[in-house]
$ cat run-v3.txt   # compact mmCIF, C-alpha atoms and all ligand atoms
# COMPACT_ATOMS: atom_id res chain seq x y z
CA MET K 1056 108.27 52.22 101.41
CA GLN K 1057 110.74 49.41 101.39
CA PRO K 1058 109.17 46.18 100.13
CA HIS K 1059 108.88 43.46 102.64
CA LEU K 1060 111.32 40.62 102.34
CA ARG K 1061 109.77 37.22 102.50
CA LEU K 1062 111.78 34.12 103.07
CA LYS K 1063 111.25 30.49 102.58
CA PHE K 1064 113.92 28.24 103.94
CA ILE K 1065 113.83 24.49 104.18
CA SER K 1066 116.56 22.60 105.92
CA LEU K 1067 117.40 19.16 104.68
CA ALA K 1068 120.61 18.94 106.66
CA ALA K 1069 119.35 15.88 108.50
CA ALA K 1070 118.86 14.01 105.27
CA ALA K 1071 122.41 14.86 104.25
CA LEU K 1072 124.08 13.49 107.36
CA LEU K 1073 126.39 10.60 106.60
CA PRO K 1074 127.22 7.86 109.16
CA ALA K 1075 129.94 8.95 111.57
CA ALA K 1076 133.41 7.48 111.13
CA GLY K 1077 133.81 4.19 112.94
CA GLN K 1078 130.10 3.44 112.86
CA ALA K 1079 129.13 -0.19 112.29
CA ALA K 1080 129.68 -1.18 108.67
CA GLU K 1081 126.16 -2.57 108.30
CA THR K 1082 124.60 0.83 108.99
CA PRO K 1083 123.07 1.77 105.65
CA ALA K 1084 124.42 5.01 104.20
CA ALA K 1085 121.92 7.84 104.42
CA PRO K 1086 120.41 8.46 101.00
CA ARG K 1087 121.91 11.31 99.05
CA PRO K 1088 119.55 14.28 99.03
CA TYR K 1089 118.37 15.58 95.68
CA GLY K 1090 115.69 17.92 94.44
CA LEU K 1091 114.91 21.06 92.53
CA VAL K 1092 113.37 24.50 92.79
CA ILE K 1093 111.67 26.35 89.93
CA HIS K 1094 110.42 29.88 89.43
CA GLY K 1095 108.14 31.49 86.88
CA GLY K 1096 109.00 35.10 87.67
CA ALA K 1097 108.45 37.64 90.45
CA GLY K 1098 106.33 40.77 90.34
CA VAL K 1099 102.94 42.25 91.12
CA ILE K 1100 101.15 38.95 91.49
CA GLU K 1101 98.26 39.35 93.89
CA ARG K 1102 95.44 37.10 94.95
CA LYS K 1103 92.87 39.86 94.51
CA THR K 1104 93.62 40.27 90.80
CA MET K 1105 93.99 36.57 89.91
CA THR K 1106 90.98 34.48 88.93
CA ALA K 1107 90.69 30.95 90.30
CA ALA K 1108 90.86 29.57 86.76
CA LEU K 1109 94.08 31.41 85.93
CA GLU K 1110 95.63 30.44 89.24
CA ALA K 1111 94.81 26.80 88.48
CA GLU K 1112 96.50 27.12 85.07
CA TYR K 1113 99.66 28.52 86.62
CA ARG K 1114 99.71 25.83 89.30
CA ALA K 1115 99.23 23.07 86.76
CA LYS K 1116 102.05 24.29 84.52
CA LEU K 1117 104.43 24.82 87.44
CA THR K 1118 103.55 21.33 88.71
CA GLU K 1119 104.21 19.83 85.28
CA ALA K 1120 107.60 21.55 84.97
CA ARG K 1121 108.64 20.58 88.48
CA GLY K 1122 107.52 16.99 87.91
CA ALA K 1123 109.47 16.66 84.66
CA GLY K 1124 112.67 17.84 86.32
CA TYR K 1125 112.15 15.80 89.45
CA ALA K 1126 111.49 12.59 87.50
CA ILE K 1127 114.92 12.95 85.90
CA LEU K 1128 116.58 13.42 89.28
CA ALA K 1129 114.66 10.53 90.85
CA ARG K 1130 115.91 8.08 88.23
CA GLY K 1131 119.51 9.21 88.74
CA GLY K 1132 119.69 11.75 85.90
CA THR K 1133 121.79 14.90 86.00
CA ALA K 1134 120.92 18.25 87.51
CA LEU K 1135 121.62 19.80 84.08
CA ASP K 1136 119.07 17.58 82.37
CA ALA K 1137 116.52 18.33 85.09
CA VAL K 1138 117.02 22.09 84.66
CA ILE K 1139 116.59 21.84 80.89
CA ALA K 1140 113.44 19.70 81.19
CA ALA K 1141 111.75 22.03 83.67
CA VAL K 1142 112.69 25.25 81.87
CA LYS K 1143 111.61 23.94 78.45
CA ILE K 1144 108.10 23.26 79.72
CA LEU K 1145 107.83 26.79 81.09
CA GLU K 1146 109.27 28.25 77.85
CA ASP K 1147 106.62 26.40 75.84
CA SER K 1148 103.80 27.83 77.97
CA PRO K 1149 102.34 31.23 77.00
CA LEU K 1150 101.76 31.92 80.71
CA PHE K 1151 105.39 32.83 81.29
CA ASN K 1152 107.77 35.46 79.97
CA ALA K 1153 110.13 33.03 78.24
CA GLY K 1154 109.88 31.32 74.87
CA LYS K 1155 106.20 31.42 73.79
CA GLY K 1156 104.54 34.29 75.64
CA ALA K 1157 107.70 36.37 76.00
CA VAL K 1158 107.22 40.09 76.53
CA LEU K 1159 107.60 42.46 73.57
CA THR K 1160 110.38 44.90 72.88
CA ALA K 1161 109.76 48.57 72.02
CA ASP K 1162 109.78 47.45 68.36
CA GLY K 1163 107.01 44.92 69.02
CA THR K 1164 109.14 41.79 68.64
CA CYS K 1165 110.43 39.14 71.05
CA GLU K 1166 114.13 38.96 71.89
CA LEU K 1167 115.06 36.10 74.15
CA ASP K 1168 117.86 35.63 76.69
CA ALA K 1169 118.87 32.44 78.50
CA SER K 1170 121.76 30.88 80.39
CA ILE K 1171 122.78 27.69 82.11
CA MET K 1172 125.63 26.72 84.43
CA ASP K 1173 127.03 23.37 85.50
CA GLY K 1174 128.10 23.45 89.16
CA ARG K 1175 130.36 20.42 88.73
CA THR K 1176 132.70 22.00 86.19
CA GLN K 1177 131.59 25.65 86.27
CA ALA K 1178 131.04 25.38 82.54
CA ALA K 1179 128.44 27.91 81.42
CA GLY K 1180 126.54 28.90 78.31
CA ALA K 1181 124.37 31.89 77.49
CA ILE K 1182 122.56 33.50 74.60
CA ALA K 1183 121.05 36.96 74.32
CA GLY K 1184 118.73 38.69 71.89
CA VAL K 1185 117.75 35.65 69.82
CA ARG K 1186 114.53 35.89 67.83
CA HIS K 1187 113.81 32.50 66.31
CA ILE K 1188 114.94 29.76 68.69
CA LYS K 1189 111.98 27.88 70.11
CA ASN K 1190 113.72 26.83 73.34
CA PRO K 1191 116.46 29.34 74.20
CA ILE K 1192 117.65 27.29 77.21
CA THR K 1193 118.68 24.45 74.89
CA LEU K 1194 120.73 26.85 72.78
CA ALA K 1195 122.43 28.15 75.94
CA ARG K 1196 123.35 24.55 76.71
CA ALA K 1197 124.73 24.05 73.21
CA VAL K 1198 126.89 27.16 73.62
CA MET K 1199 128.22 25.63 76.84
CA GLU K 1200 128.86 22.18 75.42
CA LYS K 1201 129.56 22.71 71.73
CA SER K 1202 131.27 26.09 71.40
CA ALA K 1203 134.49 27.58 72.73
CA HIS K 1204 132.54 30.48 74.22
CA VAL K 1205 130.26 31.27 77.13
CA MET K 1206 127.93 33.82 75.53
CA LEU K 1207 126.68 34.38 71.98
CA THR K 1208 124.30 37.15 70.99
CA GLY K 1209 121.74 37.97 68.31
CA ASP K 1210 122.51 36.93 64.73
CA GLY K 1211 125.72 35.22 65.78
CA ALA K 1212 123.87 33.04 68.27
CA GLU K 1213 121.36 32.11 65.57
CA LYS K 1214 124.13 31.32 63.08
CA PHE K 1215 125.57 28.95 65.67
CA ALA K 1216 122.09 27.49 66.20
CA LYS K 1217 121.78 26.82 62.48
CA GLN K 1218 125.12 25.02 62.47
CA GLN K 1219 123.89 22.92 65.38
CA GLY K 1220 120.66 21.99 63.60
CA PHE K 1221 118.33 23.88 65.91
CA GLU K 1222 114.61 24.30 65.23
CA PHE K 1223 113.79 27.83 64.02
CA VAL K 1224 110.36 29.43 64.47
CA PRO K 1225 109.02 32.75 63.16
CA ASN K 1226 109.06 35.54 65.75
CA ASP K 1227 105.24 35.49 65.67
CA TYR K 1228 105.34 32.11 67.38
CA PHE K 1229 106.42 33.81 70.64
CA GLN K 1230 103.98 36.74 70.50
CA THR K 1231 100.63 36.65 72.29
CA ASP K 1232 97.74 39.12 72.50
CA ALA K 1233 98.23 39.53 76.23
CA ARG K 1234 101.83 40.68 75.70
CA ARG K 1235 100.75 43.02 72.87
CA GLN K 1236 98.30 44.59 75.29
CA GLN K 1237 101.02 44.98 77.91
CA LEU K 1238 103.26 46.69 75.36
CA GLU K 1239 100.46 49.12 74.48
CA THR K 1240 100.00 49.94 78.15
CA ALA K 1241 103.74 50.42 78.68
CA ARG K 1242 103.97 52.68 75.60
CA GLU K 1243 101.07 54.77 76.83
CA ARG K 1244 102.66 55.12 80.25
CA ALA K 1245 105.97 56.13 78.69
CA LYS K 1246 104.17 58.73 76.55
CA GLN K 1247 102.37 60.14 79.55
CA LYS K 1248 105.60 60.31 81.45
CA ALA K 1249 107.36 62.11 78.60
CA LEU K 1250 104.56 64.67 78.70
CA GLY K 1251 105.18 65.08 82.40
CA ARG K 1252 101.70 63.83 83.21
CA PRO K 1253 102.08 61.11 85.82
CA THR K 1254 103.34 62.19 89.18
CA SER K 1255 105.03 58.86 89.84
CA SER K 1256 108.15 57.87 87.95
CA LEU K 1257 108.05 54.85 85.65
CA GLU K 1258 110.24 53.07 88.17
CA ALA K 1259 107.50 53.38 90.74
CA ASP K 1260 104.85 52.52 88.22
CA PRO K 1261 103.01 49.33 89.09
CA PHE K 1262 102.24 48.77 85.40
CA SER K 1263 105.83 48.47 84.37
CA ARG K 1264 106.28 45.99 87.20
CA THR K 1265 103.16 44.03 86.32
CA ALA K 1266 104.21 43.76 82.73
CA ARG K 1267 107.52 42.12 83.31
CA TYR K 1268 107.00 39.15 85.58
CA GLY K 1269 107.23 35.68 84.16
CA THR K 1270 110.92 34.92 83.64
CA VAL K 1271 111.54 31.24 84.32
CA GLY K 1272 114.33 29.35 86.02
CA CYS K 1273 115.34 26.16 87.76
CA VAL K 1274 118.07 25.09 90.18
CA ALA K 1275 118.71 21.41 90.84
CA LEU K 1276 120.81 19.02 92.91
CA ASP K 1277 121.23 15.49 91.54
CA GLN K 1278 121.99 12.21 93.29
CA ALA K 1279 125.67 12.50 92.39
CA GLY K 1280 125.82 15.75 94.37
CA ASN K 1281 126.05 18.02 91.34
CA LEU K 1282 124.31 21.38 91.13
CA ALA K 1283 123.03 23.24 88.07
CA ALA K 1284 121.11 26.44 87.38
CA GLY K 1285 119.29 27.80 84.34
CA THR K 1286 117.25 30.92 83.54
CA SER K 1287 115.26 31.98 80.46
CA THR K 1288 113.39 35.21 79.70
CA GLY K 1289 111.97 37.62 77.18
CA GLY K 1290 113.33 40.43 79.36
CA MET K 1291 111.22 43.50 80.11
CA THR K 1292 108.24 44.89 78.22
CA ASN K 1293 109.09 47.83 75.95
CA LYS K 1294 112.83 47.19 76.28
CA GLN K 1295 114.96 49.27 73.96
CA PHE K 1296 117.15 48.16 71.05
CA GLY K 1297 119.66 45.54 72.12
CA ARG K 1298 118.78 45.63 75.81
CA VAL K 1299 120.04 42.57 77.70
CA GLY K 1300 119.00 41.84 81.27
CA ASP K 1301 120.51 39.72 84.02
CA ALA K 1302 119.07 36.35 82.96
CA PRO K 1303 121.87 35.47 80.50
CA ILE K 1304 124.63 37.05 82.61
CA ILE K 1305 126.53 34.38 84.51
CA GLY K 1306 126.92 35.63 88.08
CA ALA K 1307 123.90 37.95 87.85
CA GLY K 1308 120.84 35.90 86.83
CA THR K 1309 122.41 32.45 86.96
CA TYR K 1310 125.23 30.78 88.89
CA ALA K 1311 126.14 27.28 90.06
CA HIS K 1312 129.13 25.86 91.86
CA ASN K 1313 129.12 22.51 93.64
CA ALA K 1314 131.11 24.00 96.53
CA THR K 1315 128.42 26.53 97.33
CA CYS K 1316 125.03 26.67 95.63
CA ALA K 1317 122.99 27.07 92.48
CA VAL K 1318 120.98 30.28 91.96
CA SER K 1319 118.48 31.52 89.36
CA ALA K 1320 117.10 35.05 89.60
CA THR K 1321 114.11 37.00 88.38
CA GLY K 1322 113.41 40.69 88.72
CA TRP K 1323 114.48 44.04 87.48
CA GLY K 1324 117.52 42.97 85.48
CA GLU K 1325 119.42 46.25 85.50
CA TYR K 1326 119.64 46.11 89.30
CA PHE K 1327 120.40 42.41 89.38
CA ILE K 1328 123.35 42.96 87.03
CA ARG K 1329 124.68 45.85 89.11
CA VAL K 1330 124.57 43.78 92.31
CA GLY K 1331 125.85 40.62 90.60
CA VAL K 1332 123.07 38.82 92.43
CA ALA K 1333 123.66 35.11 91.84
CA ARG K 1334 127.41 35.25 92.46
CA ASP K 1335 126.93 37.59 95.43
CA ILE K 1336 124.81 34.94 97.14
CA ALA K 1337 127.35 32.20 96.41
CA ALA K 1338 130.21 34.45 97.57
CA GLN K 1339 128.63 34.92 100.99
CA VAL K 1340 128.26 31.17 101.33
CA GLU K 1341 131.85 30.67 100.16
CA TYR K 1342 133.64 33.41 102.10
CA GLN K 1343 131.48 33.87 105.16
CA GLY K 1344 129.89 30.46 105.59
CA ALA K 1345 126.51 32.20 105.41
CA THR K 1346 123.37 30.09 105.18
CA LEU K 1347 121.56 30.22 101.85
CA ALA K 1348 118.64 32.02 103.43
CA ASP K 1349 120.82 34.71 105.02
CA ALA K 1350 122.93 35.16 101.90
CA ALA K 1351 119.92 35.42 99.58
CA SER K 1352 118.11 37.89 101.80
CA ALA K 1353 121.24 40.07 102.22
CA THR K 1354 121.71 40.17 98.44
CA LEU K 1355 118.07 41.04 97.76
CA ALA K 1356 118.40 43.83 100.34
CA LYS K 1357 121.24 45.26 98.20
CA VAL K 1358 118.95 45.15 95.14
CA ALA K 1359 116.19 46.88 97.10
CA ALA K 1360 118.58 49.53 98.41
CA LEU K 1361 119.35 50.53 94.81
CA GLY K 1362 115.63 50.65 93.96
CA GLY K 1363 115.18 47.24 92.30
CA ASP K 1364 113.04 44.25 93.15
CA GLY K 1365 112.61 40.59 92.35
CA GLY K 1366 113.43 37.19 93.75
CA VAL K 1367 115.80 34.24 93.62
CA ILE K 1368 115.69 30.48 93.98
CA CYS K 1369 118.67 28.70 95.53
CA ILE K 1370 119.72 25.14 96.40
CA ASP K 1371 122.94 23.87 97.95
CA ARG K 1372 124.78 20.56 98.01
CA ALA K 1373 122.95 19.38 101.14
CA GLY K 1374 119.59 20.01 99.50
CA ARG K 1375 118.83 23.13 101.52
CA ILE K 1376 116.77 25.66 99.60
CA ALA K 1377 115.84 29.34 99.83
CA LEU K 1378 113.23 31.18 97.74
CA PRO K 1379 113.11 34.80 98.90
CA PHE K 1380 111.51 37.65 96.96
CA ASN K 1381 110.72 41.28 97.70
CA THR K 1382 107.84 41.64 95.25
CA ALA K 1383 104.16 40.94 95.95
CA GLY K 1384 104.47 37.42 94.59
CA MET K 1385 106.66 34.95 92.76
CA TYR K 1386 105.57 31.86 90.83
CA ARG K 1387 107.59 29.13 92.48
CA GLY K 1388 107.77 25.49 93.43
CA TYR K 1389 110.07 22.84 94.79
CA GLN K 1390 110.27 19.11 95.26
CA LEU K 1391 112.90 17.42 97.40
CA SER K 1392 113.88 13.82 98.07
CA THR K 1393 112.77 14.20 101.69
CA GLY K 1394 109.22 14.48 100.46
CA ALA K 1395 108.98 18.24 100.95
CA ALA K 1396 107.17 19.84 98.02
CA ALA K 1397 105.13 22.95 97.28
CA ILE K 1398 103.79 25.15 94.50
CA GLU K 1399 103.25 28.76 95.59
CA ILE K 1400 102.38 32.03 93.90
CA PHE K 1401 101.56 34.79 96.34
CA GLY K 1402 103.48 36.44 99.14
CA ALA K 1403 102.43 36.53 102.76
CA ASN K 1404 100.27 39.65 102.37
N1 LIG W 1501 115.21 39.63 85.00
C1 LIG W 1501 114.55 39.77 83.74
C2 LIG W 1501 115.22 40.85 82.93
O1 LIG W 1501 115.52 41.88 83.47
C3 LIG W 1501 113.09 40.07 83.85
C4 LIG W 1501 112.33 39.35 84.95
O2 LIG W 1501 112.88 38.49 85.62
O3 LIG W 1501 111.15 39.66 85.15
O4 LIG W 1501 115.38 40.69 81.76

$ encode --input "run-v3.txt" --output "structure tokens"
Amino acid sequence: MQPHLRLKFISLAAAALLPAAGQAAETPAAPRPYGLVIHGGAGVIERKTMTAALEAEYRAKLTEARGAGYAILARGGTALDAVIAAVKILEDSPLFNAGKGAVLTADGTCELDASIMDGRTQAAGAIAGVRHIKNPITLARAVMEKSAHVMLTGDGAEKFAKQQGFEFVPNDYFQTDARRQQLETARERAKQKALGRPTSSLEADPFSRTARYGTVGCVALDQAGNLAAGTSTGGMTNKQFGRVGDAPIIGAGTYAHNATCAVSATGWGEYFIRVGVARDIAAQVEYQGATLADAASATLAKVAALGGDGGVICIDRAGRIALPFNTAGMYRGYQLSTGAAAIEIFGAN
């Protein structure tokens, strides 16, 4: 059965309207809209399996991350700084699949991917498969700002980090008991499948889906009208040697361009790479004049048609946002200069 597509779309067009030409000079200019959207991953997140205490923990951490980013925007800071601040808080929390609490590879270690993009200049930075960098999003930013490249991987990325004076942590720092348990479950499922035991494929297996939610991301619009997007993840539980998902791929998991929108994705990375999700959304806005909501839902439909699932967060220059997902839930939140704000976890059903 095709998963149901849920949409959230907030229009801030009114807030973005500037005085018409010829209007009296004393009319104060409408304030520039600004704001941000965050996500903490999409997947099998259902009310019936979440305790009130755990839900409260998620809400508190999402609120903290959103607040840190929004405070930067409210005092005139950059969208890039807001993205970094929000993502770092989520990376530091064991609740999410990024930084501390990242999912484990088939070898039982954590390998982290992250990327960031500046919508003003279309500068971008990404890292993949790093094992010892406490906040991968900050290394992605350093690649963008301090190297001649867009993406660095594995040992090379860590060599660059050393040159840049980054903090190194042992791989154990990222690993949690909950993720070890998820790896055990995923291994057991894979074994059963190899023996031909389960009737469902791993792709249809709710456990593999459950075990991979928690990627984090943020998209922001600052008071200068600049957009930025960032995404950080541990990838997917039980991932094989060297596997890299969509999160560090510019145009798949992350994209930002001031002329269109900023997008951060979460979901089954292989499908998100094949669809080129983040750029596909921006391309519809650019070439077809599509609304963010229509573009995002059309792109997620392409992911679903291939057999993948997940969600995206998007913001455009006018402060319009869209947060669609085709999974049971997605950790998400937004705060906008109009006063609109929310923290949400579950889908409509
Ligand atoms: N997109 C991430 C990846 O495939 C995982 C996720 O968002 O849950 O690495």

$ residues_near_ligand --input "run-v3.txt" --ligand "ligand LIG 1501 (chain W)" --cutoff "8 Å" --atoms "all atoms listed in the file" --output "list in words"
Gly1096, Ala1097, Gly1098, Asn1152, Asp1168, Arg1267, Tyr1268, Gly1269, Thr1270, Val1271, Thr1288, Gly1289, Gly1290, Met1291, Val1299, Gly1300, Asp1301, Ala1302, Gly1308, Ala1320, Thr1321, Gly1322, Trp1323, Gly1324, Glu1325, Phe1327 and Gly1365 of chain K

$ atom_distance --input "run-v3.txt" --atom1 "CA of Gln1237 in chain K" --atom2 "CA of Asn1293 in chain K"
8.8 Å

$ closest_residue --input "run-v3.txt" --among "K:Ala1183, K:Ala1359, K:Gly1122, K:Lys1143" --to "Asp1210 in chain K" --atoms "all atoms listed in the file"
K:Ala1183

$ atom_distance --input "run-v3.txt" --atom1 "CA of Lys1217 in chain K" --atom2 "CA of Phe1229 in chain K"
18.7 Å

$ closest_residue --input "run-v3.txt" --among "K:Pro1149, K:Gly1131, K:Gly1211, K:Gly1297" --to "Glu1112 in chain K" --atoms "only C-alpha atoms"
K:Pro1149

$ residues_around --input "run-v3.txt" --residues "Ala1353 in chain K" --least-positions-apart "2" --cutoff "12 Å" --atoms "all atoms listed in the file" --output "PyMOL selection string"
chain K and resi 1060-1062+1330+1332-1333+1335-1340+1345-1351+1355-1360+1366-1367+1379-1381

$ closest_residue --input "run-v3.txt" --among "K:Tyr1113, K:Phe1223, K:Phe1215, K:Phe1296" --to "His1187 in chain K" --atoms "only C-alpha atoms"
K:Phe1223

$ closest_atom_pairs --input "run-v3.txt" --of "range 1259-1321 of chain K" --to "range 1372-1377 of chain K" --cutoff "8 Å" --atoms "all atoms listed in the file" --output "JSON lines"
{"residue": "K:Leu1276", "atom": "CA", "partner": "K:Arg1372", "partner_atom": "CA", "distance": 6.6}
{"residue": "K:Gly1280", "atom": "CA", "partner": "K:Arg1372", "partner_atom": "CA", "distance": 6.1}
{"residue": "K:Asn1281", "atom": "CA", "partner": "K:Arg1372", "partner_atom": "CA", "distance": 7.2}
{"residue": "K:Leu1282", "atom": "CA", "partner": "K:Arg1372", "partner_atom": "CA", "distance": 6.9}
{"residue": "K:Asn1313", "atom": "CA", "partner": "K:Arg1372", "partner_atom": "CA", "distance": 6.5}
{"residue": "K:Ala1314", "atom": "CA", "partner": "K:Arg1372", "partner_atom": "CA", "distance": 7.4}
{"residue": "K:Thr1315", "atom": "CA", "partner": "K:Arg1372", "partner_atom": "CA", "distance": 7.0}
{"residue": "K:Cys1316", "atom": "CA", "partner": "K:Arg1372", "partner_atom": "CA", "distance": 6.6}
